[in-house]
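Shown here: start.txt, compact mmCIF, C-alpha atoms and all ligand atoms.
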# COMPACT_ATOMS: atom_id res chain seq x y z
CA MET A 1 -28.03 68.89 -40.86
CA GLN A 2 -25.65 65.93 -40.76
CA ASN A 3 -22.08 66.56 -39.70
CA ASN A 4 -20.18 65.25 -42.67
CA HIS A 5 -17.68 67.93 -43.48
CA CYS A 6 -15.43 67.42 -46.47
CA PRO A 7 -11.89 66.57 -45.24
CA LEU A 8 -10.36 68.82 -47.90
CA CYS A 9 -12.41 72.03 -48.09
CA LYS A 10 -14.21 71.52 -44.70
CA GLU A 11 -17.57 72.50 -46.21
CA ASN A 12 -20.70 70.64 -45.19
CA GLN A 13 -22.31 70.28 -48.62
CA SER A 14 -22.09 66.77 -49.99
CA ALA A 15 -24.29 64.15 -51.65
CA LEU A 16 -24.39 60.44 -50.96
CA ALA A 17 -23.01 58.31 -53.82
CA PHE A 18 -23.36 54.86 -52.24
CA VAL A 19 -22.71 52.76 -49.14
CA SER A 20 -19.90 50.18 -49.02
CA ASN A 21 -18.67 48.10 -46.07
CA GLY A 22 -20.83 50.19 -43.73
CA PHE A 23 -19.28 53.48 -44.92
CA GLU A 24 -20.96 56.15 -47.01
CA LEU A 25 -19.10 57.48 -50.03
CA ARG A 26 -20.03 61.15 -50.35
CA MET A 27 -19.19 63.66 -53.06
CA CYS A 28 -18.36 67.21 -51.95
CA GLU A 29 -20.29 69.79 -53.92
CA VAL A 30 -17.58 72.42 -53.41
CA CYS A 31 -14.29 70.64 -54.31
CA ASP A 32 -15.66 67.39 -55.83
CA LEU A 33 -13.65 65.18 -53.45
CA ASN A 34 -15.35 61.81 -52.92
CA PHE A 35 -14.79 60.86 -49.28
CA ILE A 36 -15.91 58.13 -46.92
CA HIS A 37 -18.15 58.92 -43.96
CA PRO A 38 -17.38 58.37 -41.15
CA TYR A 39 -13.88 59.42 -42.16
CA LEU A 40 -12.00 56.62 -40.41
CA GLN A 41 -9.19 54.84 -42.12
CA LYS A 42 -8.55 51.17 -41.49
CA GLU A 43 -5.23 49.98 -42.86
CA GLU A 44 -5.35 46.21 -42.84
CA ASP A 45 -2.83 44.15 -44.73
CA ARG A 46 -4.35 45.67 -47.85
CA ASN A 47 -1.97 44.22 -50.36
CA PRO A 48 -0.22 41.13 -49.03
CA LEU A 49 1.47 40.21 -52.32
CA SER A 50 5.05 38.98 -52.07
CA PRO A 51 7.65 41.62 -53.04
CA GLY A 52 8.43 39.70 -56.25
CA LYS A 53 4.80 39.71 -57.43
CA GLN A 54 4.30 43.29 -56.29
CA LEU A 55 7.36 44.38 -58.26
CA ALA A 56 6.18 42.59 -61.42
CA GLY A 57 2.90 44.57 -61.27
CA GLU A 58 4.71 47.83 -60.52
CA GLN A 59 7.07 47.39 -63.44
CA LEU A 60 4.26 46.72 -65.93
CA SER A 61 2.39 49.74 -64.60
CA VAL A 62 5.45 52.03 -64.78
CA ASN A 63 6.03 50.95 -68.38
CA SER A 64 2.53 52.16 -69.28
CA TYR A 65 2.61 55.65 -67.68
CA PHE A 66 6.31 56.64 -67.52
CA LYS A 67 6.17 58.28 -70.96
CA TYR A 68 3.84 60.96 -69.56
CA ILE A 69 6.16 61.97 -66.72
CA ALA A 70 9.64 61.23 -68.12
CA PRO A 71 10.33 64.81 -69.37
CA TYR A 72 10.26 66.11 -65.79
CA PHE A 73 13.22 63.88 -64.86
CA ILE A 74 15.58 65.19 -67.56
CA GLU A 75 16.92 68.15 -65.59
CA ALA A 76 15.88 67.29 -62.02
CA LYS A 77 18.68 66.66 -59.54
CA SER A 78 16.80 65.19 -56.60
CA TYR A 79 13.76 62.99 -56.39
CA LEU A 80 11.54 61.37 -53.74
CA ASP A 81 8.94 58.66 -54.45
CA ILE A 82 6.35 58.57 -51.67
CA GLY A 83 4.81 55.12 -51.28
CA CYS A 84 7.52 53.66 -53.50
CA GLY A 85 6.50 50.01 -52.99
CA CYS A 86 9.24 47.70 -54.21
CA GLY A 87 11.09 50.40 -56.13
CA GLY A 88 9.82 49.85 -59.69
CA LEU A 89 9.58 53.57 -60.51
CA LEU A 90 12.80 54.49 -58.69
CA LYS A 91 14.69 51.94 -60.78
CA THR A 92 13.12 53.18 -64.04
CA VAL A 93 14.09 56.77 -63.16
CA ALA A 94 17.69 55.63 -62.47
CA ASN A 95 17.89 54.06 -65.92
CA PHE A 96 16.47 57.24 -67.48
CA ASN A 97 18.66 59.71 -65.56
CA PRO A 98 21.58 57.95 -63.84
CA ILE A 99 22.84 61.03 -61.98
CA ILE A 100 19.60 62.10 -60.27
CA GLY A 101 19.65 61.71 -56.45
CA ARG A 102 16.87 59.27 -55.60
CA TYR A 103 15.02 58.53 -52.37
CA GLY A 104 11.97 56.46 -51.55
CA CYS A 105 9.48 56.41 -48.70
CA GLU A 106 7.58 53.21 -47.95
CA GLY A 107 5.64 52.30 -44.79
CA ASP A 108 5.86 48.53 -45.32
CA SER A 109 9.32 47.66 -43.96
CA GLU A 110 9.69 44.45 -45.99
CA ARG A 111 9.04 46.35 -49.23
CA ALA A 112 11.23 49.25 -48.12
CA LYS A 113 14.15 46.83 -47.66
CA PHE A 114 13.42 45.19 -51.02
CA ALA A 115 13.25 48.57 -52.77
CA ALA A 116 16.56 49.72 -51.24
CA ASP A 117 18.33 46.68 -52.78
CA TYR A 118 16.43 46.67 -56.07
CA ALA A 119 16.61 50.41 -56.83
CA ASN A 120 19.93 50.86 -55.02
CA CYS A 121 18.97 54.00 -53.11
CA GLU A 122 17.96 55.16 -49.66
CA ILE A 123 14.41 54.29 -48.58
CA PHE A 124 12.79 55.85 -45.51
CA ASP A 125 10.54 53.26 -43.87
CA HIS A 126 8.48 55.81 -41.97
CA SER A 127 5.70 58.21 -42.81
CA ILE A 128 6.74 61.46 -44.49
CA PHE A 129 4.95 63.22 -41.63
CA ASN A 130 7.89 62.11 -39.46
CA ALA A 131 10.58 63.08 -41.97
CA ASP A 132 12.93 65.87 -40.92
CA ASN A 133 12.89 68.95 -43.09
CA SER A 134 16.60 68.96 -43.93
CA LYS A 135 16.13 67.27 -47.32
CA SER A 136 14.19 68.82 -50.17
CA PHE A 137 13.58 67.65 -53.70
CA ASP A 138 13.08 68.81 -57.28
CA ILE A 139 10.45 66.12 -57.86
CA ILE A 140 8.13 64.22 -55.54
CA THR A 141 5.91 61.47 -56.97
CA LEU A 142 2.75 60.07 -55.48
CA ILE A 143 1.65 57.10 -57.59
CA ASN A 144 -1.65 55.45 -56.58
CA VAL A 145 -1.16 56.71 -53.02
CA PHE A 146 -3.49 59.74 -52.83
CA SER A 147 -6.54 57.71 -51.72
CA HIS A 148 -4.64 56.38 -48.69
CA ILE A 149 -3.37 59.70 -47.29
CA PRO A 150 -4.99 60.10 -43.88
CA ASN A 151 -4.67 63.89 -43.54
CA LEU A 152 -4.70 65.89 -46.76
CA ASP A 153 -4.13 69.27 -45.13
CA ASP A 154 -0.99 68.16 -43.23
CA PHE A 155 0.21 66.24 -46.26
CA PHE A 156 0.13 69.15 -48.72
CA LYS A 157 1.65 71.56 -46.19
CA LYS A 158 4.45 69.09 -45.47
CA SER A 159 5.09 68.26 -49.13
CA ARG A 160 5.39 71.98 -49.95
CA ILE A 161 8.20 72.23 -47.40
CA MET A 162 9.90 69.17 -48.94
CA LEU A 163 9.85 70.61 -52.47
CA ASN A 164 12.52 72.94 -53.79
CA GLU A 165 11.42 76.23 -55.32
CA ASN A 166 9.73 75.41 -58.67
CA GLY A 167 9.86 71.75 -57.63
CA LYS A 168 7.14 69.49 -59.06
CA MET A 169 4.79 67.09 -57.36
CA ILE A 170 3.52 64.42 -59.76
CA ILE A 171 0.33 62.68 -58.65
CA LYS A 172 -1.31 59.73 -60.35
CA THR A 173 -4.62 58.55 -58.94
CA GLY A 174 -8.11 57.36 -59.85
CA LEU A 175 -10.56 60.07 -60.94
CA PHE A 176 -14.29 59.55 -60.45
CA LYS A 177 -16.55 62.07 -62.14
CA LYS A 178 -20.04 62.94 -60.96
CA GLY A 179 -22.50 60.19 -61.82
CA PHE A 180 -20.28 57.14 -61.29
CA LYS A 181 -21.94 54.03 -59.87
CA LYS A 182 -20.90 51.61 -57.15
CA ASN A 183 -20.88 48.72 -59.62
CA ASN A 184 -18.48 50.58 -61.95
CA LEU A 185 -15.61 49.10 -59.95
CA PHE A 186 -15.11 45.54 -58.76
CA ASP A 187 -13.65 46.62 -55.40
CA TRP A 188 -13.48 50.18 -54.05
CA GLN A 189 -11.28 49.05 -51.14
CA ILE A 190 -13.18 51.13 -48.62
CA PRO A 191 -12.13 52.01 -45.89
CA GLU A 192 -8.47 51.46 -46.83
CA HIS A 193 -9.20 54.15 -49.43
CA VAL A 194 -10.57 57.17 -47.59
CA HIS A 195 -11.17 59.47 -50.54
CA PHE A 196 -11.02 59.72 -54.34
CA VAL A 197 -10.38 62.66 -56.61
CA GLY A 198 -13.33 64.22 -58.45
CA ASP A 199 -13.35 66.52 -61.47
CA ARG A 200 -12.31 69.81 -59.80
CA THR A 201 -10.39 68.42 -56.80
CA MET A 202 -6.87 68.92 -58.16
CA GLU A 203 -7.59 72.50 -59.21
CA TYR A 204 -8.91 73.13 -55.69
CA ILE A 205 -5.75 71.63 -54.14
CA ALA A 206 -3.50 73.68 -56.42
CA GLU A 207 -5.24 76.90 -55.41
CA LYS A 208 -5.51 76.14 -51.70
CA TYR A 209 -1.86 75.09 -51.26
CA ARG A 210 -0.41 77.57 -53.79
CA PHE A 211 0.73 75.24 -56.54
CA LYS A 212 0.58 75.87 -60.26
CA LEU A 213 -1.16 73.05 -62.10
CA VAL A 214 1.21 72.63 -65.04
CA GLU A 215 -0.07 69.41 -66.62
CA ARG A 216 -3.09 67.16 -66.47
CA VAL A 217 -3.52 63.86 -68.31
CA ASP A 218 -6.67 61.74 -68.04
CA ILE A 219 -6.43 58.09 -69.09
CA PRO A 220 -9.79 56.26 -69.32
CA LEU A 221 -9.84 53.57 -66.64
CA ALA A 222 -10.97 51.08 -69.28
CA ASP A 223 -7.60 51.57 -71.03
CA GLU A 224 -5.76 51.03 -67.76
CA LEU A 225 -7.79 48.09 -66.44
CA ILE A 226 -8.03 46.20 -69.71
CA SER A 227 -4.36 46.62 -70.55
CA LYS A 228 -1.31 44.41 -70.72
CA ASN A 229 -0.19 46.02 -67.47
CA PHE A 230 -3.30 44.99 -65.56
CA LEU A 231 -4.06 41.70 -67.26
CA LEU A 232 -0.55 40.31 -66.76
CA SER A 233 -0.06 41.69 -63.22
CA PRO A 234 -0.12 38.82 -60.76
CA GLY A 235 -2.82 39.12 -58.06
CA LEU A 236 -3.62 36.94 -55.07
CA SER A 237 -6.34 34.85 -56.72
CA THR A 238 -5.05 32.12 -59.04
CA PHE A 239 -8.46 31.92 -60.70
CA ARG A 240 -8.58 35.66 -61.45
CA ASN A 241 -4.99 35.55 -62.69
CA LEU A 242 -6.01 32.79 -65.12
CA LEU A 243 -9.09 34.72 -66.31
CA LYS A 244 -6.99 37.83 -66.90
CA LYS A 245 -4.48 35.81 -68.93
CA ILE A 246 -7.28 34.28 -71.03
CA VAL A 247 -8.59 37.78 -71.79
CA TYR A 248 -5.10 38.99 -72.71
CA PHE A 249 -4.20 36.06 -74.97
CA THR A 250 -7.58 35.62 -76.74
CA PRO A 251 -7.41 37.65 -79.98
CA GLY A 252 -9.89 40.55 -80.00
CA LEU A 253 -11.35 39.83 -76.54
CA SER A 254 -9.62 42.64 -74.64
CA PHE A 255 -10.57 45.10 -77.41
CA LEU A 256 -14.23 44.03 -77.12
CA LEU A 257 -14.21 44.16 -73.31
CA LYS A 258 -12.68 47.62 -73.37
CA LYS A 259 -15.47 48.86 -75.64
CA ILE A 260 -18.13 47.36 -73.37
CA TYR A 261 -16.55 48.72 -70.15
CA THR A 262 -16.12 52.21 -71.66
CA LYS A 263 -19.80 52.25 -72.68
CA TYR A 264 -20.86 50.86 -69.30
CA THR A 265 -18.97 53.48 -67.27
CA LYS A 266 -19.94 56.30 -69.68
CA GLY A 267 -16.74 58.34 -69.36
CA LYS A 268 -16.93 58.69 -65.56
CA LEU A 269 -13.83 56.75 -64.56
CA TYR A 270 -10.26 57.76 -65.35
CA SER A 271 -6.74 57.59 -64.05
CA ARG A 272 -5.55 61.19 -63.68
CA ILE A 273 -1.94 62.36 -63.74
CA VAL A 274 -1.34 65.92 -62.53
CA VAL A 275 1.85 67.90 -62.15
CA LEU A 276 1.81 70.61 -59.47
CA GLU A 277 4.62 73.14 -59.38
CA LYS A 278 5.66 74.89 -56.19
CA GLY A 279 5.94 78.64 -56.41
CA ASP A 280 4.32 81.76 -55.10
CA PHE A 281 1.28 81.96 -57.26
ZN ZN B 301 -14.77 69.64 -50.40
Could you render the structure from this file as structure tokens?
Amino acid sequence: MQNNHCPLCKENQSALAFVSNGFELRMCEVCDLNFIHPYLQKEEDRNPLSPGKQLAGEQLSVNSYFKYIAPYFIEAKSYLDIGCGCGGLLKTVANFNPIIGRYGCEGDSERAKFAADYANCEIFDHSIFNADNSKSFDIITLINVFSHIPNLDDFFKKSRIMLNENGKMIIKTGLFKKGFKKNNLFDWQIPEHVHFVGDRTMEYIAEKYRFKLVERVDIPLADELISKNFLLSPGLSTFRNLLKKIVYFTPGLSFLLKKIYTKYTKGKLYSRIVVLEKGDF
């Protein structure tokens, strides 16, 4: 039997989905995590957009999903955004609740500096694995970061320590249900992405690390990809930026494309938001 243990549940029961960039993408039959094999992360300048362009994309994205998570910020007193980028979400939270204590964590030092100025709060420019345990938070967010975390077990143990009692961890990430195809996505960004959530993965995580899963929202990826947020977000390719603008500004075209993409991906691809609450469950 091949040695391709799931990095989350450690079981050795998985099925091959496809091969990309010389890596297998395998789906665990126990916890549904989709993980690359061999499980080796390569972090190359994966998103070399300038801070200004990056922020424009972040802000459009935040505008589309903030309504789902805003209620959690009403009473919270302290907040950490892991992988905060240029500070788009931190700034939005400040406008929503001006007295909440805000912190960010961003590995890219140029973006960390930008975020500190833009969101006007402290940004740690190191991994949370190196953070001391003196600070803890009512809310921790993890927005489009899950697929990059190199060690899930250490991460969830560490984040539990960094959450206050009944604190909430809000995760937003791509969800790929059994039966997805390689050509469902233009670029899987493997091996920068080392794993993707499957249908039961978040429930498994909640149980294993003693969280209560208090909310789950699934947004079809077609709605997210063929949206104002995505179509007007500046990317690196001028040609693709132009195409996206044409789609956005041509009456009826984005509606038609969304219908086609939804049919094509047959309900397998979503963006999932989950809220995990710390407690002794
Ligand atoms: Zn597993």
Worksheet item: Skipping near chain neighbours, those fewer than 2 positions away, what residues fall within 10 Å of Lys182 (chain A) using only C-alpha atoms, listed as a list in words?
Response: Ala17, Phe18, Val19, Ser20, Leu25, Gly179, Phe180, Asn184, Leu185, Phe186, Asp187 and Trp188 of chain A
Selected residues written out, C-alpha atoms, as a PDB file, in the coordinates of the input:
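Saved result, selection_13.pdb, follows:
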ATOM      1  CA  ALA A  17     -23.010  58.310 -53.820  1.00  0.00           C
ATOM      2  CA  PHE A  18     -23.360  54.860 -52.240  1.00  0.00           C
ATOM      3  CA  VAL A  19     -22.710  52.760 -49.140  1.00  0.00           C
ATOM      4  CA  SER A  20     -19.900  50.180 -49.020  1.00  0.00           C
ATOM      5  CA  LEU A  25     -19.100  57.480 -50.030  1.00  0.00           C
ATOM      6  CA  GLY A 179     -22.500  60.190 -61.820  1.00  0.00           C
ATOM      7  CA  PHE A 180     -20.280  57.140 -61.290  1.00  0.00           C
ATOM      8  CA  ASN A 184     -18.480  50.580 -61.950  1.00  0.00           C
ATOM      9  CA  LEU A 185     -15.610  49.100 -59.950  1.00  0.00           C
ATOM     10  CA  PHE A 186     -15.110  45.540 -58.760  1.00  0.00           C
ATOM     11  CA  ASP A 187     -13.650  46.620 -55.400  1.00  0.00           C
ATOM     12  CA  TRP A 188     -13.480  50.180 -54.050  1.00  0.00           C
TER      13      TRP A 188
END
Please identify the residues whose atoms come within 6 Å of ligand ZN 301 (chain B), using only C-alpha atoms and all ligand atoms, and report them as a short mmCIF file (atom, residue, chain, number, x, y, z; two decimals) with C-alpha atoms, in the coordinates of the input.
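What landed in out.cif:
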data_model
loop_
_atom_site.label_atom_id
_atom_site.label_comp_id
_atom_site.auth_asym_id
_atom_site.auth_seq_id
_atom_site.Cartn_x
_atom_site.Cartn_y
_atom_site.Cartn_z
CA CYS A 6 -15.43 67.42 -46.47
CA LEU A 8 -10.36 68.82 -47.90
CA CYS A 9 -12.41 72.03 -48.09
CA GLU A 11 -17.57 72.50 -46.21
CA CYS A 28 -18.36 67.21 -51.95
CA VAL A 30 -17.58 72.42 -53.41
CA CYS A 31 -14.29 70.64 -54.31
CA ASP A 32 -15.66 67.39 -55.83
CA LEU A 33 -13.65 65.18 -53.45
#
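Proximity to Tyr270 (chain A) was assessed for A:Ile140, A:Tyr248, A:Thr173, A:Ile190 counting all atoms listed in the file; the smallest distance is recorded for A:Thr173.
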Item to complete: Name the residues in contact with Val145 (chain A) at a cut-off of 9 Å, using all atoms listed in the file, excluding same-chain residues fewer than 6 positions from it; report them as a list of chain:residue names.
Response: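 Counting only the stated atoms, we get A:Ile82, A:Gly83, A:Ile171, A:Lys172, A:Thr173.
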Worksheet item: CA of Ile143 (chain A) and CA of Asp218 (chain A), how far apart in Å?
Response: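 Computing the Euclidean distance for CA of Asp218 (chain A) and CA of Ile143 (chain A) yields 14.1 Å.
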Worksheet item: What is the distance, in Å and to one decimal place, between CA of Lys53 (chain A) and CA of Ser233 (chain A)?
Response: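 So the answer is 7.8 Å.
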Worksheet item: What would the list of residues within 8 Å of (10.6, 44.9, -58.0) (file frame) look like as an MDAnalysis selection string, if only C-alpha atoms are what count?
Response: chainID A and resid 51:56 58:59 86:88 114:115 118
Discussion item. With only C-alpha atoms as the counted atoms, please give the residues lying no more than 10 Å from Lys268 (chain A), apart from itself and same-chain residues fewer than 3 positions off, as a VMD selection string.
Written reply: chain A and resid 175 to 181 184 198 to 199 220 to 221 262 264 to 265
